[in-house]
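One structure is given here, and the rest of the page talks about it.
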Amino acid sequence: MRIHIATAEDAHSISKIWSECFTDDTNYIDNFLNNCLPHCKTFLLTPKNEDNAVASLSVLPCYTQYKGKNYKGGYVYAVGTLPEHRGKSYSKYLTEEAFRYARIEKLSFLVVKPATESLYELYSKLSFDTTLYEKITKIRTNRSYNFTSDGLIMSKRVPTVRSFTLFWDIDRIYNLRERYLSKESILHSKEILSYAIKEISYRKGSFESFYYSNQKDDPVFYVCYPSENNDSLVYVIDHNINNGSVLDDFISENTSTFPNLKYYQFINLPNIVSKRCRTKKIKSALVKSFEEDSGFNKHLSKLRLSLPME
């Protein structure tokens, strides 16, 4: 058995693994090969007497901020084994290799987002020993959330719609997310953020924003995509919406985009809104820390994985 770090020459093996494990959408796979593979480490496992790799695991660069310092980490992503080679612990061997890589590169942590409860159990056994959580809130589109803590209605502001253009605005998107999300989130590197936004588009989603023409505040930004199985539901997985007034404006700006929309499911809405709605805490990811600092590890345990990819 041999494990090596993938190069562009391994594109065929990676494509085969992805097409049999994740998706047969060649454009989706090409997005990974062109926009993610050059910026991450992908480990390929080739069994003895085999010419091509049969299993893969990628580690995407990410980070969190603690006491004014950036701590580098890795997002374990796209772990897959060809169907005829499953049941041989290949994902375990690849995870162990990812741990070795993390220690050599002095990464502070690795994070993984299992797709199912059984995979949470599997990765927990592989030393991902801390569960991260996030708060999800389901809201209706036919009501107002424009209130303060004492129940008074806030005055309306007039938003002006503006969509970000990825090709020239990635720096601004990156800086805005760092400014608003770094205290509560594990964030992607700039290159992986660009890839993640492209990935969202394959779910018919987008990264968009609007700003208020009578104010100098930063834009309101959000990442959303519609449910595959329910055209009345849209997921909002990243945003800087901080009160009910802005939430109302967000709803009004997107009414025509999703004509059958009845509900949004938000991640981490502020308490002033979420405490009046149906809210629950769910698992966000699992994390393995390589730091001995108990303060950092406590900080890490309270974070969520921002903009996870499927």
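Chain labels follow the order of the structure tokens: the first chain is A, the next B, and so on; residue numbering restarts at 1 in every chain, and ligands are counted from 1 in their shown order.
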
message: So that I can see what lies close to A:Leu82, please list as a VMD selection string the residues with an atom at most 10 Å from it, counting only C-alpha atoms and leaving out residues fewer than 2 positions away in the same chain.
response: chain A and resid 16 to 21 53 to 56 80 84 to 86

Next, the residues of the selection above should be written as an mmCIF file, in the first residue's frame with C-alpha atoms.
```
data_model
loop_
_atom_site.group_PDB
_atom_site.id
_atom_site.type_symbol
_atom_site.label_atom_id
_atom_site.label_comp_id
_atom_site.auth_asym_id
_atom_site.auth_seq_id
_atom_site.Cartn_x
_atom_site.Cartn_y
_atom_site.Cartn_z
ATOM 1 C CA LYS A 16 -12.742 8.378 -11.042
ATOM 2 C CA ILE A 17 -12.964 8.431 -7.242
ATOM 3 C CA TRP A 18 -15.111 11.571 -7.247
ATOM 4 C CA SER A 19 -17.438 10.293 -9.985
ATOM 5 C CA GLU A 20 -18.107 7.032 -8.128
ATOM 6 C CA CYS A 21 -18.222 8.451 -4.591
ATOM 7 C CA ALA A 53 -5.335 5.165 -6.532
ATOM 8 C CA VAL A 54 -8.594 3.836 -5.096
ATOM 9 C CA ALA A 55 -9.137 6.222 -2.166
ATOM 10 C CA SER A 56 -8.565 9.902 -1.497
ATOM 11 C CA GLY A 80 -13.866 8.618 -0.600
ATOM 12 C CA GLU A 84 -15.107 -2.328 -4.729
ATOM 13 C CA HIS A 85 -12.324 -1.404 -2.290
ATOM 14 C CA ARG A 86 -14.413 -0.450 0.731
#
```

With stretch 57-66 of chain A as the partner and 6 Å as the cut-off, tabulate the residues of stretch 182-220 of chain A that qualify, each row holding the nearest pair of atoms and their distance in Å to one decimal, using only C-alpha atoms, sorted by chain and rising number, as JSON lines.
```
{"residue": "A:Ile186", "atom": "CA", "partner": "A:Thr64", "partner_atom": "CA", "distance": 5.1}
{"residue": "A:Leu187", "atom": "CA", "partner": "A:Tyr63", "partner_atom": "CA", "distance": 5.5}
{"residue": "A:His188", "atom": "CA", "partner": "A:Cys62", "partner_atom": "CA", "distance": 4.3}
{"residue": "A:Ser189", "atom": "CA", "partner": "A:Cys62", "partner_atom": "CA", "distance": 5.2}
```

Could you save those same residues with N, CA and C atoms as a PDB file, in the first residue's frame?
```pdb
ATOM      1  N   ILE A 186     -14.608  28.853  12.102  1.00  0.00           N
ATOM      2  CA  ILE A 186     -13.407  28.409  11.406  1.00  0.00           C
ATOM      3  C   ILE A 186     -13.568  28.845   9.958  1.00  0.00           C
ATOM      4  N   LEU A 187     -12.618  29.616   9.457  1.00  0.00           N
ATOM      5  CA  LEU A 187     -12.737  30.237   8.144  1.00  0.00           C
ATOM      6  C   LEU A 187     -11.769  29.624   7.142  1.00  0.00           C
ATOM      7  N   HIS A 188     -12.144  29.672   5.863  1.00  0.00           N
ATOM      8  CA  HIS A 188     -11.299  29.168   4.788  1.00  0.00           C
ATOM      9  C   HIS A 188     -10.221  30.178   4.420  1.00  0.00           C
ATOM     10  N   SER A 189      -9.134  29.671   3.835  1.00  0.00           N
ATOM     11  CA  SER A 189      -8.165  30.555   3.200  1.00  0.00           C
ATOM     12  C   SER A 189      -8.833  31.244   2.013  1.00  0.00           C
TER      13      SER A 189
END
```

Could you list, as a PDB file with N, CA and C atoms, in the first residue's frame, every residue within 8 Å of A:Glu291, counting only C-alpha atoms and ignoring same-chain residues fewer than 4 positions away?
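Saved file result_36.pdb follows:
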```
ATOM      1  N   SER A 108      -2.656  23.686  13.880  1.00  0.00           N
ATOM      2  CA  SER A 108      -3.217  23.688  15.232  1.00  0.00           C
ATOM      3  C   SER A 108      -4.393  22.737  15.385  1.00  0.00           C
ATOM      4  N   PHE A 109      -5.045  22.410  14.269  1.00  0.00           N
ATOM      5  CA  PHE A 109      -6.227  21.551  14.356  1.00  0.00           C
ATOM      6  C   PHE A 109      -6.583  21.008  12.976  1.00  0.00           C
ATOM      7  N   PHE A 296      -6.961  27.969  24.183  1.00  0.00           N
ATOM      8  CA  PHE A 296      -7.237  27.850  22.750  1.00  0.00           C
ATOM      9  C   PHE A 296      -8.214  26.716  22.488  1.00  0.00           C
ATOM     10  N   ASN A 297      -8.027  25.592  23.145  1.00  0.00           N
ATOM     11  CA  ASN A 297      -8.905  24.446  22.912  1.00  0.00           C
ATOM     12  C   ASN A 297     -10.341  24.738  23.348  1.00  0.00           C
TER      13      ASN A 297
END
```

message: Can you tell me, as a PyMOL selection string, which residues in stretch 80-257 of chain A count as strand (DSSP E) by DSSP?
response: chain A and resi 80-81+109-112+130-140+159-162+185-188+206-212+220-226+233-239

message: Residues within 12 Å of stretch 235-237 of chain A, please, as a ChimeraX atom specification. Count only C-alpha atoms; anything in the same chain fewer than 3 positions from it doesn't count.
response: /A:134-139,181,185,197,200,203-208,221-228,230-232,240-241,247,250-251,254,258,261-269,284,304-309

Grab the residues selected above and save them as a PDB file, in the first residue's frame with C-alpha atoms.
```pdb
ATOM      1  CA  GLU A 134     -24.339  25.581  15.510  1.00  0.00           C
ATOM      2  CA  LYS A 135     -27.738  27.141  16.062  1.00  0.00           C
ATOM      3  CA  ILE A 136     -30.299  26.903  13.272  1.00  0.00           C
ATOM      4  CA  THR A 137     -33.431  29.041  13.147  1.00  0.00           C
ATOM      5  CA  LYS A 138     -36.393  28.553  10.840  1.00  0.00           C
ATOM      6  CA  ILE A 139     -38.219  31.758   9.938  1.00  0.00           C
ATOM      7  CA  LEU A 181     -17.399  35.804  11.389  1.00  0.00           C
ATOM      8  CA  SER A 185     -16.133  30.457  12.999  1.00  0.00           C
ATOM      9  CA  ILE A 197     -18.350  30.108  -3.491  1.00  0.00           C
ATOM     10  CA  ILE A 200     -22.305  26.898  -3.834  1.00  0.00           C
ATOM     11  CA  ARG A 203     -26.363  23.987  -5.526  1.00  0.00           C
ATOM     12  CA  LYS A 204     -28.109  26.883  -7.338  1.00  0.00           C
ATOM     13  CA  GLY A 205     -26.901  29.158  -4.571  1.00  0.00           C
ATOM     14  CA  SER A 206     -24.942  32.387  -4.464  1.00  0.00           C
ATOM     15  CA  PHE A 207     -22.954  34.839  -2.376  1.00  0.00           C
ATOM     16  CA  GLU A 208     -24.764  38.189  -2.526  1.00  0.00           C
ATOM     17  CA  PHE A 221     -23.771  39.807   2.888  1.00  0.00           C
ATOM     18  CA  TYR A 222     -25.210  36.322   2.802  1.00  0.00           C
ATOM     19  CA  VAL A 223     -24.693  32.898   1.246  1.00  0.00           C
ATOM     20  CA  CYS A 224     -27.861  30.974   0.454  1.00  0.00           C
ATOM     21  CA  TYR A 225     -29.101  28.078  -1.641  1.00  0.00           C
ATOM     22  CA  PRO A 226     -32.492  26.368  -2.124  1.00  0.00           C
ATOM     23  CA  SER A 227     -33.372  22.961  -0.731  1.00  0.00           C
ATOM     24  CA  GLU A 228     -33.184  20.194  -3.334  1.00  0.00           C
ATOM     25  CA  ASN A 230     -38.460  21.422  -0.935  1.00  0.00           C
ATOM     26  CA  ASP A 231     -38.812  24.491  -3.163  1.00  0.00           C
ATOM     27  CA  SER A 232     -40.405  26.434  -0.301  1.00  0.00           C
ATOM     28  CA  ASN A 240     -23.699  39.204   8.874  1.00  0.00           C
ATOM     29  CA  ILE A 241     -27.377  39.945   9.543  1.00  0.00           C
ATOM     30  CA  LEU A 247     -33.548  40.504   8.328  1.00  0.00           C
ATOM     31  CA  PHE A 250     -33.068  40.568   3.384  1.00  0.00           C
ATOM     32  CA  ILE A 251     -36.452  38.835   3.014  1.00  0.00           C
ATOM     33  CA  ASN A 254     -35.062  37.872  -2.140  1.00  0.00           C
ATOM     34  CA  PHE A 258     -37.379  32.242  -4.939  1.00  0.00           C
ATOM     35  CA  LEU A 261     -40.366  30.453  -0.860  1.00  0.00           C
ATOM     36  CA  LYS A 262     -42.095  30.138   2.522  1.00  0.00           C
ATOM     37  CA  TYR A 263     -39.236  29.519   4.953  1.00  0.00           C
ATOM     38  CA  TYR A 264     -35.579  30.336   5.490  1.00  0.00           C
ATOM     39  CA  GLN A 265     -33.347  28.192   7.643  1.00  0.00           C
ATOM     40  CA  PHE A 266     -30.585  30.371   9.090  1.00  0.00           C
ATOM     41  CA  ILE A 267     -27.380  29.448  10.850  1.00  0.00           C
ATOM     42  CA  ASN A 268     -26.554  31.587  13.892  1.00  0.00           C
ATOM     43  CA  LEU A 269     -29.118  34.361  13.766  1.00  0.00           C
ATOM     44  CA  SER A 284     -21.684  21.378  12.901  1.00  0.00           C
ATOM     45  CA  ARG A 304     -18.546  26.408  13.913  1.00  0.00           C
ATOM     46  CA  LEU A 305     -17.233  25.424  10.499  1.00  0.00           C
ATOM     47  CA  SER A 306     -18.109  28.310   8.216  1.00  0.00           C
ATOM     48  CA  LEU A 307     -19.251  27.710   4.644  1.00  0.00           C
ATOM     49  CA  PRO A 308     -18.967  23.895   4.713  1.00  0.00           C
ATOM     50  CA  MET A 309     -19.019  22.104   1.394  1.00  0.00           C
TER      51      MET A 309
END
```

query: Excluding same-chain residues fewer than 4 positions from A:Tyr133, what lies within 10 Å of it counting only C-alpha atoms, as a ChimeraX atom specification?
result: /A:281-286,301-305

All residues 12 Å or closer to A:Asp51, only C-alpha atoms, same chain fewer than 5 positions away omitted, as an MDAnalysis selection string: chainID A and resid 1:2 10 13 44:46

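The smallest atom-to-atom distance between A:Glu97 and any of A:Thr116, A:Thr81, A:Thr42, A:Gln215, using only C-alpha atoms, is found for A:Thr42.
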
- prompt: Expressed in Å to a single decimal, how great is the separation between atom CA of A:Gly73 and atom CA of A:Leu110?
  reply: 5.6 Å

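The two atoms in question, atom CA of A:Asn52 and atom CA of A:Arg103, are spaced 27.4 Å apart.
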
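Distances from A:Tyr28, A:Lys48, A:Phe22, A:Val220 to A:Arg177 were compared using only C-alpha atoms, and the smallest one belongs to A:Val220.
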
Write out as a tab-separated table (two decimals) with N, CA and C atoms, in the first residue's frame the residues lying within 8 Å of stretch 142-146 of chain A, counting only C-alpha atoms and excluding same-chain residues fewer than 5 positions away.
```
chain	number	residue	atom	x	y	z
A	153	ILE	N	-41.04	48.66	17.32
A	153	ILE	CA	-40.73	48.49	15.91
A	153	ILE	C	-39.63	49.47	15.51
A	154	MET	N	-38.61	48.95	14.83
A	154	MET	CA	-37.51	49.80	14.39
A	154	MET	C	-37.88	50.52	13.10
A	243	ASN	N	-29.79	42.06	13.10
A	243	ASN	CA	-31.02	42.44	13.79
A	243	ASN	C	-32.22	42.18	12.88
A	244	GLY	N	-33.41	42.35	13.46
A	244	GLY	CA	-34.63	42.03	12.72
A	244	GLY	C	-34.92	42.98	11.58
A	245	SER	N	-34.50	44.23	11.70
A	245	SER	CA	-34.72	45.19	10.62
A	245	SER	C	-33.98	44.76	9.37
A	246	VAL	N	-32.72	44.41	9.54
A	246	VAL	CA	-31.92	43.94	8.40
A	246	VAL	C	-32.48	42.63	7.87
A	247	LEU	N	-32.95	41.77	8.76
A	247	LEU	CA	-33.55	40.50	8.33
A	247	LEU	C	-34.78	40.75	7.46
A	248	ASP	N	-35.62	41.69	7.84
A	248	ASP	CA	-36.78	42.04	7.01
A	248	ASP	C	-36.35	42.50	5.62
A	262	LYS	N	-41.29	29.92	1.33
A	262	LYS	CA	-42.09	30.14	2.52
A	262	LYS	C	-41.24	30.24	3.78
A	273	VAL	N	-33.52	37.93	17.42
A	273	VAL	CA	-34.46	37.35	16.47
A	273	VAL	C	-34.75	35.90	16.81
```

- request: Give the helix (DSSP H, G or I) residues of stretch 207-291 of chain A, as assigned by DSSP on the backbone, as JSON, numbers by chain.
  value: {"A": [244, 245, 246, 247, 248, 249, 250, 251, 252, 253, 254, 271, 272, 273, 274]}

field: Nearest residue to A:His39 from the set A:Tyr93, A:Phe128, A:Tyr202, A:Tyr195 (distances using only C-alpha atoms)
entry: A:Tyr195

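With only C-alpha atoms as the basis for measurement, A:Ile3 is the residue among A:Cys277, A:Ile3, A:Phe290, A:Asp25 that approaches A:Ser91 most closely.
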
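Here atom CA of A:Leu122 and atom CA of A:Lys88 stand 13.9 Å from one another.
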